[in-house]
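A.B. asks: Sharing target14.cif below, mmCIF, C-alpha atoms:
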```cif
data_data
#
loop_
_atom_site.label_atom_id
_atom_site.label_comp_id
_atom_site.auth_asym_id
_atom_site.auth_seq_id
_atom_site.Cartn_x
_atom_site.Cartn_y
_atom_site.Cartn_z
CA MET J 1 96.01 -284.68 26.30
CA LYS J 2 93.28 -284.86 28.91
CA ARG J 3 94.37 -281.52 30.35
CA MET J 4 94.13 -279.90 26.90
CA MET J 5 90.61 -281.23 26.44
CA LEU J 6 89.58 -279.87 29.84
CA ALA J 7 91.14 -276.47 29.06
CA ARG J 8 89.19 -275.97 25.81
CA PRO J 9 85.74 -275.48 27.41
CA ALA J 10 87.24 -272.98 29.84
CA LEU J 11 88.84 -271.11 26.94
CA PHE J 12 85.55 -271.01 25.07
CA VAL J 13 83.79 -269.63 28.16
CA LEU J 14 86.45 -266.93 28.56
CA VAL J 15 86.21 -265.86 24.91
CA ALA J 16 82.41 -265.78 25.09
CA ALA J 17 82.55 -263.63 28.21
CA ILE J 18 84.92 -261.16 26.54
CA LEU J 19 82.68 -260.88 23.48
CA LEU J 20 79.61 -260.39 25.67
CA LEU J 21 81.28 -257.60 27.62
CA ALA J 22 82.41 -255.95 24.39
CA GLY J 23 78.85 -256.05 23.08
CA CYS J 24 77.47 -254.54 26.27
CA GLY J 25 79.95 -251.66 25.99
CA THR J 26 78.87 -250.65 22.47
CA SER J 27 77.23 -247.20 22.44
CA PRO J 28 74.19 -246.49 20.27
CA PRO J 29 74.91 -244.35 17.20
CA SER J 30 74.51 -240.60 17.57
CA ARG J 31 71.78 -238.83 15.61
CA PHE J 32 72.23 -235.28 14.35
CA TYR J 33 69.60 -232.58 13.82
CA ALA J 34 69.29 -229.04 12.48
CA LEU J 35 66.68 -226.31 12.68
CA LYS J 36 65.12 -225.44 9.35
CA ALA J 37 63.19 -222.56 7.90
CA VAL J 38 59.43 -222.98 8.03
CA LYS J 39 56.40 -221.17 6.73
CA VAL J 40 54.23 -220.68 9.80
CA GLN J 41 51.20 -219.33 7.93
CA GLU J 42 50.23 -219.35 4.30
CA ASN J 43 48.78 -215.85 4.43
CA THR J 44 51.94 -213.77 4.92
CA GLY J 45 51.59 -211.55 1.87
CA GLN J 46 50.68 -208.45 3.87
CA ALA J 47 53.94 -208.49 5.85
CA THR J 48 55.91 -209.33 2.71
CA THR J 49 54.53 -206.37 0.77
CA ALA J 50 55.39 -203.96 3.57
CA ALA J 51 58.89 -205.25 4.33
CA GLN J 52 60.17 -206.44 0.97
CA THR J 53 62.63 -203.55 0.36
CA VAL J 54 64.13 -203.35 3.85
CA LEU J 55 67.70 -204.46 4.54
CA LEU J 56 68.34 -206.17 7.89
CA ALA J 57 71.51 -207.40 9.55
CA VAL J 58 70.17 -210.04 11.97
CA GLY J 59 72.49 -210.75 14.88
CA PRO J 60 74.36 -211.31 17.00
CA ILE J 61 72.33 -214.21 18.38
CA GLN J 62 72.81 -214.89 22.08
CA ILE J 63 71.67 -218.10 23.78
CA PRO J 64 71.84 -219.29 27.43
CA ASP J 65 74.92 -221.21 28.54
CA TYR J 66 72.92 -224.37 29.25
CA LEU J 67 71.95 -224.56 25.57
CA ASN J 68 75.40 -223.77 24.21
CA ARG J 69 76.52 -227.38 23.76
CA PRO J 70 76.44 -230.00 20.98
CA GLN J 71 73.85 -232.14 22.77
CA ILE J 72 70.15 -231.33 22.47
CA VAL J 73 68.82 -230.19 25.85
CA THR J 74 65.24 -230.92 26.82
CA LEU J 75 63.19 -230.26 29.93
CA THR J 76 61.55 -233.01 31.99
CA ALA J 77 58.16 -232.78 33.64
CA GLN J 78 60.02 -232.14 36.90
CA ASN J 79 61.75 -229.07 35.40
CA GLN J 80 65.06 -230.88 35.19
CA LEU J 81 67.41 -230.49 32.24
CA ALA J 82 68.02 -233.66 30.23
CA ILE J 83 71.21 -233.74 28.15
CA ASN J 84 71.23 -236.64 25.69
CA GLU J 85 74.68 -237.66 24.53
CA PHE J 86 73.37 -239.35 21.38
CA GLU J 87 70.86 -236.71 20.17
CA ARG J 88 73.00 -233.83 18.90
CA TRP J 89 73.00 -230.70 16.79
CA GLY J 90 74.71 -231.11 13.46
CA GLY J 91 76.39 -227.72 13.94
CA SER J 92 75.72 -225.22 16.71
CA LEU J 93 72.31 -224.18 17.97
CA ARG J 94 73.29 -220.50 17.78
CA ASP J 95 74.23 -220.79 14.10
CA ASP J 96 71.06 -222.79 13.38
CA ILE J 97 68.90 -220.04 14.91
CA ASP J 98 70.78 -217.42 12.88
CA GLN J 99 70.31 -219.36 9.63
CA ALA J 100 66.64 -220.17 10.27
CA LEU J 101 65.84 -216.52 11.09
CA THR J 102 67.64 -215.37 7.95
CA GLU J 103 65.78 -217.81 5.69
CA ASN J 104 62.42 -217.17 7.35
CA LEU J 105 62.75 -213.39 7.03
CA ALA J 106 63.83 -213.77 3.42
CA SER J 107 60.61 -215.70 2.79
CA GLU J 108 58.77 -212.71 4.30
CA GLY J 109 60.38 -210.55 1.62
CA VAL J 110 63.05 -208.98 3.85
CA ALA J 111 66.60 -208.70 2.51
CA VAL J 112 69.03 -210.06 5.12
CA VAL J 113 72.82 -209.60 5.29
CA SER J 114 75.48 -210.70 7.77
CA TRP J 115 75.69 -208.62 10.93
CA ARG J 116 79.45 -209.26 11.25
CA GLY J 117 80.47 -206.53 8.83
CA PRO J 118 79.25 -202.96 8.34
CA VAL J 119 76.65 -202.77 5.58
CA PRO J 120 75.44 -199.23 4.79
CA GLY J 121 71.70 -198.94 5.17
CA ALA J 122 71.22 -202.29 6.95
CA TYR J 123 69.17 -202.02 10.12
CA ARG J 124 70.60 -204.12 12.94
CA VAL J 125 68.45 -206.74 14.67
CA PRO J 126 70.20 -208.31 17.69
CA VAL J 127 68.39 -211.27 19.27
CA GLU J 128 68.86 -212.53 22.83
CA VAL J 129 67.26 -215.91 23.54
CA ASN J 130 66.49 -216.18 27.25
CA ARG J 131 64.81 -219.58 27.19
CA PHE J 132 64.33 -222.26 24.55
CA ASP J 133 62.88 -225.15 26.53
CA ALA J 134 61.41 -228.26 24.95
CA VAL J 135 59.39 -230.99 26.68
CA PRO J 136 59.08 -234.09 24.45
CA GLY J 137 55.40 -234.77 23.90
CA GLY J 138 54.60 -231.43 25.55
CA SER J 139 55.59 -228.05 24.16
CA VAL J 140 58.46 -225.76 23.28
CA GLN J 141 58.68 -222.39 24.99
CA LEU J 142 60.80 -219.69 23.38
CA LYS J 143 61.44 -216.40 25.16
CA ALA J 144 63.56 -213.84 23.35
CA MET J 145 64.34 -210.14 23.40
CA TRP J 146 65.07 -208.40 20.13
CA GLY J 147 65.34 -204.91 18.75
CA ILE J 148 65.83 -202.86 15.60
CA SER J 149 68.39 -200.06 15.39
CA THR J 150 70.12 -198.00 12.72
CA SER J 151 73.17 -199.50 11.02
CA ASP J 152 75.58 -197.45 13.14
CA GLY J 153 73.73 -198.36 16.33
CA THR J 154 73.23 -194.75 17.35
CA LYS J 155 69.44 -194.92 17.34
CA VAL J 156 67.21 -197.70 18.67
CA LEU J 157 63.95 -197.80 16.74
CA LEU J 158 62.24 -200.71 18.49
CA VAL J 159 62.79 -202.99 21.49
CA SER J 160 60.45 -205.95 21.84
CA GLY J 161 60.08 -209.31 23.53
CA SER J 162 58.52 -212.51 22.25
CA THR J 163 57.08 -215.38 24.24
CA ILE J 164 56.14 -218.28 21.97
CA THR J 165 54.67 -221.66 22.89
CA GLN J 166 54.61 -224.41 20.27
CA PRO J 167 53.14 -227.93 20.79
CA VAL J 168 55.50 -230.88 20.27
CA ASN J 169 53.67 -233.49 18.19
CA GLY J 170 55.54 -236.52 19.46
CA LYS J 171 58.04 -237.67 22.06
CA ASP J 172 61.01 -238.26 19.77
CA TYR J 173 63.72 -235.72 19.04
CA SER J 174 62.60 -235.20 15.45
CA ALA J 175 59.32 -233.84 16.83
CA VAL J 176 61.18 -231.68 19.34
CA VAL J 177 63.40 -230.11 16.66
CA ALA J 178 60.41 -229.59 14.35
CA ALA J 179 58.59 -227.68 17.11
CA MET J 180 61.72 -225.61 17.79
CA SER J 181 61.88 -224.74 14.09
CA GLN J 182 58.24 -223.66 14.19
CA SER J 183 59.00 -221.44 17.19
CA ILE J 184 61.78 -219.69 15.30
CA GLY J 185 59.37 -219.29 12.38
CA THR J 186 56.91 -217.49 14.64
CA LEU J 187 59.69 -215.27 16.02
CA SER J 188 60.61 -214.38 12.44
CA GLN J 189 57.05 -213.31 11.75
CA GLU J 190 57.00 -211.10 14.83
CA ILE J 191 60.23 -209.40 13.72
CA ALA J 192 58.77 -208.91 10.23
CA ALA J 193 55.65 -207.40 11.81
CA GLY J 194 57.88 -205.00 13.76
CA VAL J 195 59.57 -203.96 10.52
CA LYS J 196 56.19 -203.39 8.93
CA SER J 197 55.01 -201.17 11.79
CA LEU J 198 58.18 -199.04 11.63
CA LEU J 199 57.81 -198.66 7.86
CA ALA J 200 54.20 -197.60 8.27
CA ALA J 201 55.24 -195.03 10.87
CA GLY J 202 58.01 -193.71 8.63
CA SER J 203 60.69 -194.69 11.15
CA MET J 204 62.48 -196.98 8.68
CA LYS J 205 63.59 -196.36 5.12
CA ALA J 206 63.29 -198.80 2.25
CA LEU J 207 66.13 -199.63 -0.13
CA GLY J 208 66.76 -196.76 -2.50
CA ALA J 209 65.14 -194.19 -0.23
CA PRO J 210 67.02 -190.89 0.31
CA GLY J 211 69.43 -191.03 3.24
CA LEU J 212 69.55 -194.82 3.32
CA ASP J 213 73.33 -195.08 3.13
CA SER J 214 73.72 -193.45 6.49
CA GLY J 215 71.37 -195.95 8.08
CA LYS J 216 69.76 -193.10 10.00
CA THR J 217 66.19 -191.90 10.08
CA LYS J 218 65.20 -188.27 10.33
#
```
For this file, write the structure as structure tokens.
C.D. replies:
Amino acid sequence: MKRMMLARPALFVLVAAILLLAGCGTSPPSRFYALKAVKVQENTGQATTAAQTVLLAVGPIQIPDYLNRPQIVTLTAQNQLAINEFERWGGSLRDDIDQALTENLASEGVAVVSWRGPVPGAYRVPVEVNRFDAVPGGSVQLKAMWGISTSDGTKVLLVSGSTITQPVNGKDYSAVVAAMSQSIGTLSQEIAAGVKSLLAAGSMKALGAPGLDSGKTK
């Protein structure tokens, strides 16, 4: 009987230790984020009027390997990459960029279709993201190359590059993703401005214009 009474405190200590270790091994819950379409400026009517009847097939979207992962990647002040296991994209960053560009351009009055299938008359707009670096509490820097070509790809009408810096208003990941969304919004505006310039120069055709089905310009 005495041995049983002595064993009980030891048993309680063992159980408590196991529970403590189990609690220490519990991971924090993951949080998931997505880029969203934004309206960078209120006064976008000029670009909308010029581009509203143009058909674009935006894509493919290319991103660097270091960003092609489910975790959100940020940059430290020491230029080191920080990969947070618990701050993640809800889908893929590449698809988010594609969707945000599509919605942003639509808000500029541009008709956008999928680039994956041939669409007569749709001008192709491939986008290559070279850098998309975010420093929490600092800024987001987006560097991308993009172009506009005829639907069959036989004629390149415009090749351009964008370097965009957007402040991050906070150190949490919600602020980081919001700034990334704003950066994509600015990129969308620059693409819309490129469309407008080509329309003004007569290098692009609007929907319903003669020769549109071929996707070629004279």
A.B. asks: Expanded to explicit residues, what is the PyMOL selection byres ((chain J and resi 31) around 8) for this file, as number ranges by chain?
C.D. replies: J: 29-30, 32-33, 86-88
A.B. asks: To one decimal place, how far is CA of Lys205 (chain J) from CA of Ser183 (chain J) in Å?
C.D. replies: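 Pair CA of Lys205 (chain J) / CA of Ser183 (chain J) returns 28.2 Å.
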A.B. asks: If you apply the PyMOL selection byres ((chain J and resi 69-82) around 7) to this file, what residues do you get, as a PyMOL selection string?
C.D. replies: chain J and resi 67-68+83-85+87-89+92+133-135
A.B. asks: Grab the CA of Asn130 (chain J) to CA of Leu142 (chain J) distance for me, in Å with one decimal place.
C.D. replies: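 Here the two named atoms are 7.7 Å from each other.
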A.B. asks: Return the single residue from J:Ser114, J:Ser107, J:Gln166, J:Ser181 that is closest to Gly137 (chain J), with distances computed using all atoms listed in the file.
C.D. replies: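 Checking each candidate against Gly137 (chain J), we get J:Gln166 as the closest.
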A.B. asks: Let me make sure I understand: among J:Ser151, J:Pro64, J:Ser160, J:Thr53, which one has the smallest atom-to-atom distance to Leu93 (chain J) if we use only C-alpha atoms?
C.D. replies: J:Pro64
A.B. asks: Using CA of Ser139 (chain J) and CA of Met180 (chain J) as the two end points, give the distance in Å to one decimal.
C.D. replies: 9.2 Å
A.B. asks: Pick out the residues sitting within 12 Å of Leu101 (chain J), and hand them over as a PyMOL selection string; count all atoms listed in the file, and ignore anything fewer than 4 positions along from it in its own chain.
C.D. replies: chain J and resi 35-39+56-61+94-97+105-108+110-114+125-127+181-192
A.B. asks: I would like the residues chosen by the PyMOL selection byres ((chain J and resi 203) around 12) on the shown file; could you give them as a PyMOL selection string?
C.D. replies: chain J and resi 54+123+148-150+155-158+194-202+204-206+212+215-218
A.B. asks: Let me make sure I understand: among J:Gly117, J:Pro167, J:Gly109, J:Pro28, which one has the smallest atom-to-atom distance to Gly138 (chain J) if we use only C-alpha atoms?
C.D. replies: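 Using only C-alpha atoms, the shortest distance to Gly138 (chain J) belongs to J:Pro167.
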A.B. asks: Which one of J:Ala193, J:Val119, J:Leu55, J:Gln62 sits closest to Asp152 (chain J) if you count all atoms listed in the file?
C.D. replies: J:Val119
A.B. asks: Can you tell me which residues surround Gly161 (chain J) at a distance of at most 7 Å, considering only C-alpha atoms, apart from same-chain residues fewer than 2 positions away, and format the answer as a ChimeraX atom specification?
C.D. replies: /J:144-146,163
A.B. asks: From the options J:Gly147, J:Pro118, J:Ala34, J:Val129, which residue's atoms come nearest to Ala179 (chain J), counting all atoms listed in the file?
C.D. replies: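 Smallest distance to Ala179 (chain J) is found for J:Ala34.
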A.B. asks: Could region 155-178 of chain J be completed with N, CA and C atoms and written as a compact mmCIF listing (two decimals), in the coordinates of the input, please?
C.D. replies:
```txt
# COMPACT_ATOMS: atom_id res chain seq x y z
N LYS J 155 70.85 -195.15 17.05
CA LYS J 155 69.44 -194.92 17.34
C LYS J 155 68.68 -196.23 17.38
N VAL J 156 68.03 -196.50 18.52
CA VAL J 156 67.21 -197.70 18.67
C VAL J 156 65.78 -197.36 18.25
N LEU J 157 65.28 -198.09 17.27
CA LEU J 157 63.95 -197.80 16.74
C LEU J 157 62.87 -198.63 17.42
N LEU J 158 63.24 -199.83 17.88
CA LEU J 158 62.24 -200.71 18.49
C LEU J 158 62.94 -201.71 19.41
N VAL J 159 62.36 -201.92 20.58
CA VAL J 159 62.79 -202.99 21.49
C VAL J 159 61.55 -203.81 21.82
N SER J 160 61.63 -205.11 21.64
CA SER J 160 60.45 -205.95 21.84
C SER J 160 60.85 -207.29 22.44
N GLY J 161 59.87 -207.97 23.00
CA GLY J 161 60.08 -209.31 23.53
C GLY J 161 59.04 -210.26 22.97
N SER J 162 59.44 -211.50 22.78
CA SER J 162 58.52 -212.51 22.25
C SER J 162 58.48 -213.70 23.19
N THR J 163 57.28 -214.15 23.48
CA THR J 163 57.08 -215.38 24.24
C THR J 163 56.22 -216.30 23.38
N ILE J 164 56.78 -217.40 22.96
CA ILE J 164 56.14 -218.28 21.97
C ILE J 164 56.04 -219.69 22.54
N THR J 165 54.87 -220.28 22.46
CA THR J 165 54.67 -221.66 22.89
C THR J 165 54.20 -222.47 21.69
N GLN J 166 54.90 -223.57 21.42
CA GLN J 166 54.61 -224.41 20.27
C GLN J 166 54.44 -225.86 20.72
N PRO J 167 53.31 -226.52 20.42
CA PRO J 167 53.14 -227.93 20.79
C PRO J 167 54.17 -228.82 20.12
N VAL J 168 54.59 -229.88 20.83
CA VAL J 168 55.50 -230.88 20.27
C VAL J 168 54.66 -232.11 19.93
N ASN J 169 54.55 -232.40 18.65
CA ASN J 169 53.67 -233.49 18.19
C ASN J 169 54.42 -234.83 18.18
N GLY J 170 54.82 -235.25 19.35
CA GLY J 170 55.54 -236.52 19.46
C GLY J 170 56.56 -236.46 20.58
N LYS J 171 57.07 -237.62 20.97
CA LYS J 171 58.04 -237.67 22.06
C LYS J 171 59.47 -237.89 21.58
N ASP J 172 59.64 -238.05 20.27
CA ASP J 172 61.01 -238.26 19.77
C ASP J 172 61.67 -236.91 19.48
N TYR J 173 62.97 -236.96 19.22
CA TYR J 173 63.72 -235.72 19.04
C TYR J 173 63.43 -235.07 17.70
N SER J 174 63.00 -235.82 16.72
CA SER J 174 62.60 -235.20 15.45
C SER J 174 61.42 -234.26 15.67
N ALA J 175 60.48 -234.68 16.51
CA ALA J 175 59.32 -233.84 16.83
C ALA J 175 59.73 -232.61 17.63
N VAL J 176 60.68 -232.80 18.54
CA VAL J 176 61.18 -231.68 19.34
C VAL J 176 61.82 -230.62 18.44
N VAL J 177 62.70 -231.05 17.55
CA VAL J 177 63.40 -230.11 16.66
C VAL J 177 62.42 -229.44 15.70
N ALA J 178 61.42 -230.18 15.23
CA ALA J 178 60.41 -229.59 14.35
C ALA J 178 59.65 -228.47 15.07
```
